[in-house]
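Following: one structure in structure tokens, then a few remarks.
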Amino acid sequence: MDGEFQPMIQDILDNPAFQELRNYPHHGSCNTVYDHSLATARMAYQMGRRLRMSEEELCSLTRVALLHDFFGYDWHEEWYKNFVHRYRGMRRLTHMHAFVHGEIAALRAKLYFDLTPKQCASIASHMFPLAATLPHGREAWILTLADKAVASKEMSLTAGRSVRGLFQRLRYSAGSYRA
């Protein structure tokens with residue numbers, strides 16, 4: 001990786017609140033929000049480099065990519081399920097994690113780090129088309145695409161592990177009937 005990547009984000013990586021993301025599972029049991037965020041930042045950085053973004057734009061993109069899932073909770077826990085179940089119909093759907101976490105991450109990132117309104121908007125809209133707002137500008141679209149690419153890879157690996165485990169269990173059980 002380019003030697004400029006790490007210095008752009010080191011202050012975020014060193015932040016104790018960001019370190020807490022290591023405790024939250026994401027896109028499967030072998031992945032954390034921290035891992036996903038760092039992979040998304042790397043992907044966005046590479047995409048920005050290929051698009052010949054200025055150093056200022058590239059730094060901004062890389063930082064928002066790292067902070068895009070800085071929502072700070074485990075949405076798999078019972079308290080979040082109880083929160084969502086207070087709503088019915090479409091209101092329940094629109095309060096599900098996938099729909100709201102971008103806005104929560106943007107608000108939380110603004111509290112911890114010096115972000116511009118444009119950066120906050122990029123984070124808030126990264127879940128397009130589930131997010132309430134359309135990404136505006138190159139930074140927001142690259143973040144959205146980088147997140148989708150990384151999440152797709154992570155989900156594919158998780159699904160692959162699950163299918164492999166299923167086939168191993170089936171092969172084991174089929175073998176145990178042979179005598």
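We name chains A, B, ... following the order of the structure tokens; residues begin at 1 in each chain, and ligands are numbered from 1 as shown.
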Interface rows for segment 5-56 of chain A against segment 75-97 of chain A: nearest pair, Å to one decimal, 10 Å, only C-alpha atoms, as CSV:
residue,atom,partner,partner_atom,distance
A:Tyr24,CA,A:Trp75,CA,8.5
A:Pro25,CA,A:His76,CA,8.3
A:His26,CA,A:His76,CA,9.3
N, CA and C atoms of the current selection, written as a compact mmCIF listing (two decimals), in the first residue's frame:
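To be explicit, this is the file written out as part-v2.txt:
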# COMPACT_ATOMS: atom_id res chain seq x y z
N TYR A 24 -17.34 -5.27 17.44
CA TYR A 24 -18.64 -5.44 16.81
C TYR A 24 -18.54 -6.29 15.54
N PRO A 25 -19.27 -7.40 15.48
CA PRO A 25 -19.24 -8.24 14.27
C PRO A 25 -19.90 -7.52 13.09
N HIS A 26 -19.44 -7.87 11.90
CA HIS A 26 -19.95 -7.20 10.70
C HIS A 26 -19.79 -8.14 9.51
Contacts of Phe70 of chain A within 7 Å, only C-alpha atoms, excl. fewer than 5 positions in-chain, as a PDB file with N, CA, C and O atoms, in the first residue's frame:
ATOM      1  N   ALA A 105     -23.676   7.177  11.944  1.00  0.00           N
ATOM      2  CA  ALA A 105     -22.220   7.217  11.808  1.00  0.00           C
ATOM      3  C   ALA A 105     -21.731   8.628  11.494  1.00  0.00           C
ATOM      4  O   ALA A 105     -20.711   9.074  12.034  1.00  0.00           O
ATOM      5  N   ARG A 108     -22.013  10.762  14.693  1.00  0.00           N
ATOM      6  CA  ARG A 108     -21.005  10.348  15.673  1.00  0.00           C
ATOM      7  C   ARG A 108     -19.597  10.747  15.217  1.00  0.00           C
ATOM      8  O   ARG A 108     -18.788  11.226  16.014  1.00  0.00           O
ATOM      9  N   ALA A 109     -19.304  10.579  13.947  1.00  0.00           N
ATOM     10  CA  ALA A 109     -17.986  10.948  13.418  1.00  0.00           C
ATOM     11  C   ALA A 109     -17.742  12.449  13.573  1.00  0.00           C
ATOM     12  O   ALA A 109     -16.631  12.875  13.888  1.00  0.00           O
TER      13      ALA A 109
END
To one decimal place, how far is atom CA of Leu145 of chain A from atom CA of Arg22 of chain A in Å? 23.0 Å
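Residues in contact with Arg138 of chain A at 10 Å, where only C-alpha atoms are counted and same-chain residues fewer than 5 positions away are skipped, are listed as Gly48, Leu51, Met53, Glu57, Leu61, Ser122, Leu143 and Thr144 of chain A.
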Those same residues - C-alpha atoms - I'd like them written as a compact mmCIF listing (two decimals), in the first residue's frame.
# COMPACT_ATOMS: atom_id res chain seq x y z
CA GLY A 48 -9.32 7.70 -5.69
CA LEU A 51 -9.18 8.57 -10.65
CA MET A 53 -7.93 12.79 -7.18
CA GLU A 57 -9.65 15.02 -2.04
CA LEU A 61 -12.20 10.33 0.79
CA SER A 122 -20.90 11.36 2.14
CA LEU A 143 -17.36 5.77 -0.87
CA THR A 144 -20.68 4.15 -1.78
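In terms of minimum interatomic distance to Ala140 of chain A, A:Pro117 ranks closest within A:Pro16, A:Pro117, A:Gly72, A:Gly3, counting only C-alpha atoms.
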So which residues of chain A fall under alpha helix (DSSP H) by DSSP, listed as a VMD selection string? chain A and resid 5 to 14 16 to 19 33 to 50 55 to 67 78 to 84 89 to 94 97 to 112 117 to 124 138 to 177
Computed interatomic separation between atom CA of Phe113 of chain A and atom CA of Cys30 of chain A (Å):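 So the two atoms, atom CA of Phe113 of chain A and atom CA of Cys30 of chain A, lie 28.1 Å apart.
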Test item: residues at most 8 Å from Ala121 of chain A, only C-alpha atoms, excluding those fewer than 3 positions along its chain, as a compact mmCIF listing (two decimals) with all heavy atoms, in the first residue's frame:
# COMPACT_ATOMS: atom_id res chain seq x y z
N ALA A 106 -22.46 9.34 10.64
CA ALA A 106 -22.07 10.71 10.30
C ALA A 106 -22.14 11.63 11.52
O ALA A 106 -21.22 12.42 11.77
CB ALA A 106 -22.96 11.25 9.18
N PRO A 117 -19.37 19.52 6.37
CA PRO A 117 -20.73 19.05 6.01
C PRO A 117 -20.72 18.10 4.82
O PRO A 117 -21.49 17.14 4.79
CB PRO A 117 -21.48 20.35 5.69
CG PRO A 117 -20.78 21.39 6.50
CD PRO A 117 -19.32 20.99 6.50
N LYS A 118 -19.85 18.34 3.85
CA LYS A 118 -19.75 17.46 2.68
C LYS A 118 -19.30 16.06 3.10
O LYS A 118 -19.83 15.05 2.60
CB LYS A 118 -18.76 18.05 1.67
CG LYS A 118 -18.55 17.20 0.44
CD LYS A 118 -17.51 17.82 -0.48
CE LYS A 118 -17.19 16.88 -1.62
NZ LYS A 118 -16.08 17.38 -2.44
N ALA A 124 -23.33 9.79 5.50
CA ALA A 124 -24.77 9.56 5.68
C ALA A 124 -25.41 8.89 4.48
O ALA A 124 -26.35 8.10 4.62
CB ALA A 124 -25.48 10.89 5.98
N SER A 125 -24.91 9.15 3.28
CA SER A 125 -25.54 8.62 2.06
C SER A 125 -24.89 7.34 1.55
O SER A 125 -25.32 6.81 0.52
CB SER A 125 -25.50 9.67 0.95
OG SER A 125 -24.17 9.93 0.54
N PRO A 135 -26.21 10.06 -2.90
CA PRO A 135 -24.84 10.58 -2.78
C PRO A 135 -24.63 11.74 -3.75
O PRO A 135 -25.05 11.68 -4.91
CB PRO A 135 -23.96 9.38 -3.16
CG PRO A 135 -24.83 8.18 -2.98
CD PRO A 135 -26.22 8.64 -3.27
N HIS A 136 -23.98 12.79 -3.26
CA HIS A 136 -23.68 13.96 -4.09
C HIS A 136 -22.18 14.15 -4.16
O HIS A 136 -21.52 14.23 -3.13
CB HIS A 136 -24.33 15.24 -3.52
CG HIS A 136 -25.81 15.23 -3.62
ND1 HIS A 136 -26.48 15.43 -4.80
CD2 HIS A 136 -26.77 15.02 -2.69
CE1 HIS A 136 -27.78 15.36 -4.59
NE2 HIS A 136 -27.98 15.10 -3.31
N ALA A 140 -18.64 11.02 -2.36
CA ALA A 140 -19.77 10.23 -1.87
C ALA A 140 -20.01 9.00 -2.73
O ALA A 140 -20.28 7.91 -2.21
CB ALA A 140 -21.03 11.09 -1.80
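By only C-alpha atoms, and with residues fewer than 3 positions from Asp35 of chain A along its chain excluded, the set lying at most 9 Å from it is Leu21, Arg22, His26, Asn31, Thr32, Leu38, Ala39 and Thr40 of chain A.
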Å distance separating atom CA of Leu115 of chain A from atom CA of Met127 of chain A, one decimal place: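 Computing the Euclidean distance for atom CA of Leu115 of chain A and atom CA of Met127 of chain A yields 18.8 Å.
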Out of A:Ile9, A:Leu130, A:Val100, A:Met47, which residue has the shortest atom-to-atom distance to Leu67 of chain A when counting only C-alpha atoms?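 Distance minimum relative to Leu67 of chain A lands on A:Ile9.
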Residue nearest Asp11 of chain A - candidates A:Lys110, A:His126, A:His68, A:Arg63, atoms counted: only C-alpha atoms: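 Checking each candidate against Asp11 of chain A, we get A:Arg63 as the closest.
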